[in-house]
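Participant: This structure is in structure tokens; I'll ask about it shortly.
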Amino acid sequence: MIVRVLGSGRPLVALHGFGVDHRIMLPLVDAVKDLPWRMVFLDLPWAEAVVDTSTPTSAGEVADGVLAEIEDHLGDEPFAVIGNSFGGMIARHVAHERRNRVLGVATLAGVVEPARADRSVPERTVLHTEPAVLLAAGDAREAFEEVSVIQDAAAFEAFEQYVLPGLRGSDAAVMEHIAASYALDVVPEERHPAPFTAPALHLFGRQDDVVGYEDGLRLRDHYPRGSFVILDAAGHNVHLEQSEVTAALVRDWLARIDR
């Protein structure tokens, strides 16, 4: 599962979302490259780089596998964890299950309500489109249009580099198994109801019609050291569409841990 380690210092474990791979988290490297942290990237079971004879059948089994992989790689070393979308839900699980070793947790457009029909999400909105970009997108156009709020050349370049390879390489059969049991057995904050007092960051896109932001804001009292941020002009790929602000917020989160 661990496919790449970049940098040096304390470990920052990065967990990607459903249907993509670790490359969607690579833009965060620039945010931390001059900081005393090393990024540890995991690929979840549907990613093409994962070679495994067993197929997990639920989100709970994925979460157990992530915990086992972290323990095998890091031993007793304290670490921070950041997750995107489905990976955000797993990151919260990891943070609570290993609270005594976790220095902090961050989520980027993290899943809070697993059932799509039960999520509170805004209407689908596109704020900016450059028709020439869409015309040149070829067979990637549909996937790009489906999720992007800002549809310009820079947004497509980021999508093409960091998102599309994981989409194309994902194992549909593995995803189908997990999608049938997409929720964890127990919500992390309910299994461990004591407030999570380490520094936290929960970042949402104002126009995210995949997971929204209202469900995430319900968690705010559980994280007394948590920054809850909703960014305008950002959808489900908030860290790509608002990369500079995301980098600043991640750096602030890590600085709070350092202090």
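Going through the structure tokens in order, the chains are called A, B, and so on, while each chain numbers its residues from 1 and the ligands are numbered from 1 in the order shown.
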Going by DSSP on the backbone, which bits of stretch 6-133 of chain A are strand (DSSP E or B)? Write them as a list in words, please.
Facilitator: Leu6, Gly7, Arg10, Pro11, Leu12, Val13, Ala14, Leu15, Trp37, Arg38, Met39, Val40, Phe41, Leu42, Phe79, Ala80, Val81, Ile82, Gly83, Asn84, Val102, Leu103, Gly104, Val105, Ala106, Thr107, Leu108, His128 and Thr129 of chain A
Participant: Using only C-alpha atoms, determine which residues lie at most 9 Å from A:Asp21, disregarding the query and same-chain residues fewer than 5 positions distant; provide the list as a PyMOL selection string.
Facilitator: chain A and resi 15-16+42-44+46-49+162-163+165-167+169-170
Participant: Would you mind listing what lies within 8 Å of stretch 204-215 of chain A as number ranges by chain, with only C-alpha atoms counted and same-chain residues fewer than 3 positions away left out?
Facilitator: A: 85, 108-113, 116, 119-125, 149, 218-219, 228-238
Participant: Write a file of the selected residues as a compact mmCIF listing (two decimals), in the first residue's frame, keeping C-alpha atoms.
Facilitator:
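Final file, result27.txt:
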# COMPACT_ATOMS: atom_id res chain seq x y z
CA SER A 85 -12.70 12.46 0.24
CA LEU A 108 -9.76 17.76 2.32
CA ALA A 109 -13.36 17.47 1.09
CA GLY A 110 -13.63 14.52 3.46
CA VAL A 111 -16.59 12.13 3.48
CA VAL A 112 -18.64 12.53 6.67
CA GLU A 113 -22.01 11.13 5.59
CA ARG A 116 -24.79 9.86 -0.92
CA ARG A 119 -25.62 14.09 2.26
CA SER A 120 -26.43 17.77 2.47
CA VAL A 121 -24.87 19.16 -0.71
CA PRO A 122 -25.29 22.33 -2.76
CA GLU A 123 -26.68 22.29 -6.28
CA ARG A 124 -24.20 21.55 -9.04
CA THR A 125 -22.55 24.84 -10.01
CA VAL A 149 -16.13 24.01 -10.60
CA ARG A 218 -21.50 19.10 12.54
CA LEU A 219 -18.17 17.75 13.83
CA PHE A 228 -13.08 24.35 9.73
CA VAL A 229 -12.72 26.20 6.42
CA ILE A 230 -15.14 26.49 3.49
CA LEU A 231 -13.50 27.87 0.35
CA ASP A 232 -15.48 29.59 -2.38
CA ALA A 233 -14.76 28.75 -6.02
CA ALA A 234 -13.94 25.17 -5.11
CA GLY A 235 -15.67 21.85 -5.57
CA HIS A 236 -14.73 18.33 -4.57
CA ASN A 237 -11.15 18.84 -5.78
CA VAL A 238 -10.77 21.80 -3.46
Participant: Work out how far atom CA of A:Phe79 is from atom CA of A:Gln161, in Å to one decimal.
Facilitator: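 The value is 27.6 Å.
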Participant: Between atom CA of A:Ala248 and atom CA of A:Ala106, what is the spacing in Å?
Facilitator: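 Atom-to-atom, atom CA of A:Ala106 and atom CA of A:Ala248 are spaced 13.1 Å apart.
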Participant: Using only C-alpha atoms, which residue out of A:Ala158, A:Gln151, A:Gly60, A:Val126 lies closest to A:Leu26?
Facilitator: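 Residue with the minimum atom-to-atom distance to A:Leu26: A:Ala158.
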Participant: Given the choices A:Gly75, A:Gly9, A:Gly216, A:Pro36, which gets closest to A:Arg251 if the distance is worked out from only C-alpha atoms?
Facilitator: A:Pro36
Participant: List as a ChimeraX atom specification the protein and nucleic acid residues near A:Glu142, meaning an atom at most 12 Å away when only C-alpha atoms are counted, but skip any in the same chain fewer than 4 places from it.
Facilitator: /A:134-138,146-148,151,156,159,164
Participant: Store the residues picked out above in a file with all heavy atoms, as a compact mmCIF listing (two decimals), in the first residue's frame.
Facilitator:
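New file again28.txt:
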# COMPACT_ATOMS: atom_id res chain seq x y z
N LEU A 134 -12.29 22.67 -22.80
CA LEU A 134 -13.15 21.49 -22.86
C LEU A 134 -13.03 20.80 -24.22
O LEU A 134 -13.01 19.57 -24.31
CB LEU A 134 -14.60 21.88 -22.59
CG LEU A 134 -14.88 22.48 -21.21
CD1 LEU A 134 -16.37 22.77 -21.05
CD2 LEU A 134 -14.41 21.55 -20.10
N LEU A 135 -12.95 21.57 -25.27
CA LEU A 135 -12.81 21.00 -26.61
C LEU A 135 -11.51 20.21 -26.75
O LEU A 135 -11.47 19.19 -27.44
CB LEU A 135 -12.88 22.09 -27.67
CG LEU A 135 -14.26 22.72 -27.91
CD1 LEU A 135 -14.15 23.90 -28.87
CD2 LEU A 135 -15.23 21.68 -28.46
N ALA A 136 -10.47 20.69 -26.10
CA ALA A 136 -9.17 20.04 -26.20
C ALA A 136 -9.00 18.87 -25.22
O ALA A 136 -8.00 18.16 -25.28
CB ALA A 136 -8.06 21.06 -25.96
N ALA A 137 -9.96 18.68 -24.33
CA ALA A 137 -9.82 17.68 -23.28
C ALA A 137 -9.98 16.25 -23.78
O ALA A 137 -9.60 15.30 -23.10
CB ALA A 137 -10.83 17.95 -22.16
N GLY A 138 -10.58 16.09 -24.95
CA GLY A 138 -10.72 14.75 -25.52
C GLY A 138 -11.56 13.83 -24.65
O GLY A 138 -12.59 14.24 -24.11
N GLU A 146 -17.49 16.70 -14.87
CA GLU A 146 -18.35 16.16 -13.83
C GLU A 146 -18.03 16.69 -12.45
O GLU A 146 -18.91 16.89 -11.62
CB GLU A 146 -18.27 14.63 -13.83
CG GLU A 146 -19.20 13.95 -12.85
CD GLU A 146 -19.08 12.44 -12.89
OE1 GLU A 146 -18.15 11.91 -13.56
OE2 GLU A 146 -19.92 11.77 -12.26
N VAL A 147 -16.75 16.97 -12.19
CA VAL A 147 -16.33 17.31 -10.82
C VAL A 147 -15.81 18.73 -10.69
O VAL A 147 -15.74 19.26 -9.57
CB VAL A 147 -15.27 16.30 -10.33
CG1 VAL A 147 -13.93 16.54 -11.01
CG2 VAL A 147 -15.14 16.34 -8.81
N SER A 148 -15.47 19.39 -11.79
CA SER A 148 -14.74 20.66 -11.71
C SER A 148 -15.69 21.85 -11.64
O SER A 148 -16.63 21.97 -12.43
CB SER A 148 -13.81 20.81 -12.91
OG SER A 148 -12.87 19.76 -12.94
N GLN A 151 -13.27 25.47 -14.70
CA GLN A 151 -12.93 24.68 -15.87
C GLN A 151 -12.06 25.52 -16.81
O GLN A 151 -12.49 25.92 -17.89
CB GLN A 151 -14.19 24.18 -16.56
CG GLN A 151 -15.04 23.30 -15.66
CD GLN A 151 -16.36 22.86 -16.28
OE1 GLN A 151 -16.74 23.32 -17.36
NE2 GLN A 151 -17.06 21.98 -15.59
N PHE A 156 -7.56 22.05 -15.67
CA PHE A 156 -7.48 20.81 -16.44
C PHE A 156 -6.08 20.20 -16.37
O PHE A 156 -5.93 18.98 -16.30
CB PHE A 156 -7.87 21.03 -17.90
CG PHE A 156 -7.81 19.76 -18.70
CD1 PHE A 156 -8.76 18.77 -18.50
CD2 PHE A 156 -6.79 19.54 -19.62
CE1 PHE A 156 -8.69 17.57 -19.22
CE2 PHE A 156 -6.72 18.36 -20.33
CZ PHE A 156 -7.68 17.36 -20.13
N PHE A 159 -5.93 18.38 -13.16
CA PHE A 159 -6.76 17.18 -13.25
C PHE A 159 -6.07 16.10 -14.06
O PHE A 159 -6.03 14.92 -13.67
CB PHE A 159 -8.10 17.56 -13.88
CG PHE A 159 -9.05 16.41 -14.04
CD1 PHE A 159 -9.87 16.00 -12.99
CD2 PHE A 159 -9.13 15.72 -15.24
CE1 PHE A 159 -10.74 14.93 -13.14
CE2 PHE A 159 -10.00 14.65 -15.40
CZ PHE A 159 -10.81 14.26 -14.34
N LEU A 164 -6.54 12.08 -13.32
CA LEU A 164 -6.88 11.18 -14.42
C LEU A 164 -6.12 9.86 -14.41
O LEU A 164 -6.73 8.80 -14.65
CB LEU A 164 -6.67 11.91 -15.75
CG LEU A 164 -7.29 11.27 -16.99
CD1 LEU A 164 -8.80 11.13 -16.83
CD2 LEU A 164 -6.96 12.12 -18.22
Participant: Measuring between only C-alpha atoms, which one of A:Leu127, A:Ala68, A:Val32, A:Leu12 shows the shortest distance to A:Gly83?
Facilitator: A:Leu12
Participant: Let me make sure I understand: among A:Gly17, A:Pro199, A:Pro188, A:Pro56, which one has the smallest atom-to-atom distance to A:Val94 if we use only C-alpha atoms?
Facilitator: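 Ranking A:Gly17, A:Pro199, A:Pro188, A:Pro56 by distance to A:Val94, first place goes to A:Pro188.
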Participant: Pull the helix (DSSP H, G or I) assignments for stretch 24-212 of chain A out of DSSP run on the backbone, and list those residues as an MDAnalysis selection string.
Facilitator: chainID A and resid 24:32 59:74 86:97 116:118 131:136 138:147 153:169 172:179 188:191
Participant: Between atom CA of A:Trp37 and atom CA of A:Arg10, what distance in Å does the model show, to one decimal?
Facilitator: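 Between atom CA of A:Trp37 and atom CA of A:Arg10 the gap is 4.6 Å.
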Participant: For A:Ala194, please output as a list of chain:residue names all residues within 12 Å (counting only C-alpha atoms; exclusion window: fewer than 3 positions along the same chain).
Facilitator: A:His96, A:Arg99, A:Pro188, A:Glu189, A:Glu190, A:Arg191, A:Thr197, A:Ala198, A:Asp221, A:His222, A:Tyr223, A:Pro224
Participant: For the residues in the current selection, export all heavy atoms as an mmCIF file, in the first residue's frame.
Facilitator:
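Writing done, so here's selection_20.cif:
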data_model
loop_
_atom_site.group_PDB
_atom_site.id
_atom_site.type_symbol
_atom_site.label_atom_id
_atom_site.label_comp_id
_atom_site.auth_asym_id
_atom_site.auth_seq_id
_atom_site.Cartn_x
_atom_site.Cartn_y
_atom_site.Cartn_z
ATOM 1 N N HIS A 96 -8.452 8.495 15.398
ATOM 2 C CA HIS A 96 -9.112 8.127 16.648
ATOM 3 C C HIS A 96 -8.655 6.772 17.173
ATOM 4 O O HIS A 96 -8.529 6.581 18.385
ATOM 5 C CB HIS A 96 -10.630 8.153 16.460
ATOM 6 C CG HIS A 96 -11.205 9.541 16.416
ATOM 7 N ND1 HIS A 96 -11.100 10.350 15.319
ATOM 8 C CD2 HIS A 96 -11.855 10.263 17.360
ATOM 9 C CE1 HIS A 96 -11.673 11.513 15.572
ATOM 10 N NE2 HIS A 96 -12.141 11.491 16.798
ATOM 11 N N ARG A 99 -5.053 7.459 18.614
ATOM 12 C CA ARG A 99 -5.016 8.818 19.141
ATOM 13 C C ARG A 99 -3.754 9.099 19.946
ATOM 14 O O ARG A 99 -3.235 10.217 19.934
ATOM 15 C CB ARG A 99 -6.261 9.055 20.017
ATOM 16 C CG ARG A 99 -6.419 10.500 20.462
ATOM 17 C CD ARG A 99 -7.564 10.649 21.457
ATOM 18 N NE ARG A 99 -8.852 10.346 20.869
ATOM 19 C CZ ARG A 99 -9.942 11.088 21.064
ATOM 20 N NH1 ARG A 99 -9.866 12.183 21.794
ATOM 21 N NH2 ARG A 99 -11.093 10.750 20.538
ATOM 22 N N PRO A 188 -16.164 7.436 13.622
ATOM 23 C CA PRO A 188 -15.028 7.556 14.550
ATOM 24 C C PRO A 188 -15.335 8.425 15.765
ATOM 25 O O PRO A 188 -14.934 8.085 16.894
ATOM 26 C CB PRO A 188 -13.934 8.189 13.680
ATOM 27 C CG PRO A 188 -14.268 7.767 12.293
ATOM 28 C CD PRO A 188 -15.761 7.719 12.225
ATOM 29 N N GLU A 189 -16.011 9.539 15.557
ATOM 30 C CA GLU A 189 -16.303 10.457 16.654
ATOM 31 C C GLU A 189 -17.342 9.912 17.615
ATOM 32 O O GLU A 189 -17.462 10.393 18.749
ATOM 33 C CB GLU A 189 -16.763 11.810 16.093
ATOM 34 C CG GLU A 189 -15.696 12.571 15.335
ATOM 35 C CD GLU A 189 -15.517 12.112 13.889
ATOM 36 O OE1 GLU A 189 -16.288 11.227 13.437
ATOM 37 O OE2 GLU A 189 -14.617 12.631 13.206
ATOM 38 N N GLU A 190 -18.091 8.894 17.184
ATOM 39 C CA GLU A 190 -19.047 8.238 18.073
ATOM 40 C C GLU A 190 -18.401 7.071 18.813
ATOM 41 O O GLU A 190 -18.703 6.828 19.979
ATOM 42 C CB GLU A 190 -20.269 7.764 17.275
ATOM 43 C CG GLU A 190 -21.087 8.915 16.693
ATOM 44 C CD GLU A 190 -22.268 8.432 15.878
ATOM 45 O OE1 GLU A 190 -22.475 7.192 15.766
ATOM 46 O OE2 GLU A 190 -22.995 9.287 15.337
ATOM 47 N N ARG A 191 -17.512 6.358 18.140
ATOM 48 C CA ARG A 191 -16.790 5.271 18.806
ATOM 49 C C ARG A 191 -15.875 5.825 19.901
ATOM 50 O O ARG A 191 -15.695 5.209 20.949
ATOM 51 C CB ARG A 191 -15.964 4.469 17.792
ATOM 52 C CG ARG A 191 -15.259 3.260 18.420
ATOM 53 C CD ARG A 191 -14.241 2.671 17.473
ATOM 54 N NE ARG A 191 -14.816 2.074 16.304
ATOM 55 C CZ ARG A 191 -15.190 0.785 16.218
ATOM 56 N NH1 ARG A 191 -15.088 -0.004 17.276
ATOM 57 N NH2 ARG A 191 -15.682 0.299 15.100
ATOM 58 N N THR A 197 -8.247 16.439 20.730
ATOM 59 C CA THR A 197 -7.631 17.688 21.148
ATOM 60 C C THR A 197 -6.346 18.036 20.401
ATOM 61 O O THR A 197 -5.760 19.090 20.650
ATOM 62 C CB THR A 197 -7.341 17.661 22.658
ATOM 63 O OG1 THR A 197 -6.516 16.522 22.956
ATOM 64 C CG2 THR A 197 -8.633 17.573 23.455
ATOM 65 N N ALA A 198 -5.876 17.186 19.508
ATOM 66 C CA ALA A 198 -4.714 17.540 18.691
ATOM 67 C C ALA A 198 -5.149 18.498 17.584
ATOM 68 O O ALA A 198 -6.326 18.539 17.212
ATOM 69 C CB ALA A 198 -4.089 16.278 18.094
ATOM 70 N N ASP A 221 -17.609 20.701 17.239
ATOM 71 C CA ASP A 221 -17.426 20.677 18.689
ATOM 72 C C ASP A 221 -16.525 19.531 19.139
ATOM 73 O O ASP A 221 -15.984 19.571 20.249
ATOM 74 C CB ASP A 221 -18.785 20.571 19.391
ATOM 75 C CG ASP A 221 -19.597 21.849 19.252
ATOM 76 O OD1 ASP A 221 -19.004 22.906 18.960
ATOM 77 O OD2 ASP A 221 -20.834 21.781 19.414
ATOM 78 N N HIS A 222 -16.383 18.522 18.296
ATOM 79 C CA HIS A 222 -15.536 17.377 18.648
ATOM 80 C C HIS A 222 -14.054 17.712 18.510
ATOM 81 O O HIS A 222 -13.211 17.025 19.080
ATOM 82 C CB HIS A 222 -15.895 16.184 17.757
ATOM 83 C CG HIS A 222 -15.180 14.916 18.110
ATOM 84 N ND1 HIS A 222 -15.565 14.108 19.150
ATOM 85 C CD2 HIS A 222 -14.071 14.337 17.568
ATOM 86 C CE1 HIS A 222 -14.746 13.070 19.236
ATOM 87 N NE2 HIS A 222 -13.837 13.185 18.282
ATOM 88 N N TYR A 223 -13.748 18.770 17.734
ATOM 89 C CA TYR A 223 -12.359 19.139 17.453
ATOM 90 C C TYR A 223 -12.087 20.542 18.001
ATOM 91 O O TYR A 223 -12.113 21.528 17.244
ATOM 92 C CB TYR A 223 -12.097 19.102 15.947
ATOM 93 C CG TYR A 223 -12.196 17.729 15.338
ATOM 94 C CD1 TYR A 223 -13.411 17.233 14.864
ATOM 95 C CD2 TYR A 223 -11.074 16.907 15.234
ATOM 96 C CE1 TYR A 223 -13.503 15.967 14.296
ATOM 97 C CE2 TYR A 223 -11.153 15.646 14.671
ATOM 98 C CZ TYR A 223 -12.370 15.182 14.206
ATOM 99 O OH TYR A 223 -12.462 13.921 13.653
ATOM 100 N N PRO A 224 -11.821 20.678 19.308
ATOM 101 C CA PRO A 224 -11.604 22.013 19.880
ATOM 102 C C PRO A 224 -10.368 22.717 19.339
ATOM 103 O O PRO A 224 -10.242 23.935 19.482
ATOM 104 C CB PRO A 224 -11.473 21.728 21.382
ATOM 105 C CG PRO A 224 -11.094 20.286 21.483
ATOM 106 C CD PRO A 224 -11.762 19.613 20.332
#
Participant: Quick one: residues within 10 Å of A:Asp258, only C-alpha atoms, excluding same-chain residues fewer than 2 positions away - as an MDAnalysis selection string?
Facilitator: chainID A and resid 36 103 199 252:256
Participant: Using only C-alpha atoms, which residue out of A:His93, A:Ala153, A:Arg98, A:Pro114 lies closest to A:Pro131?
Facilitator: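 Selected residue with least distance to A:Pro131: A:Ala153.
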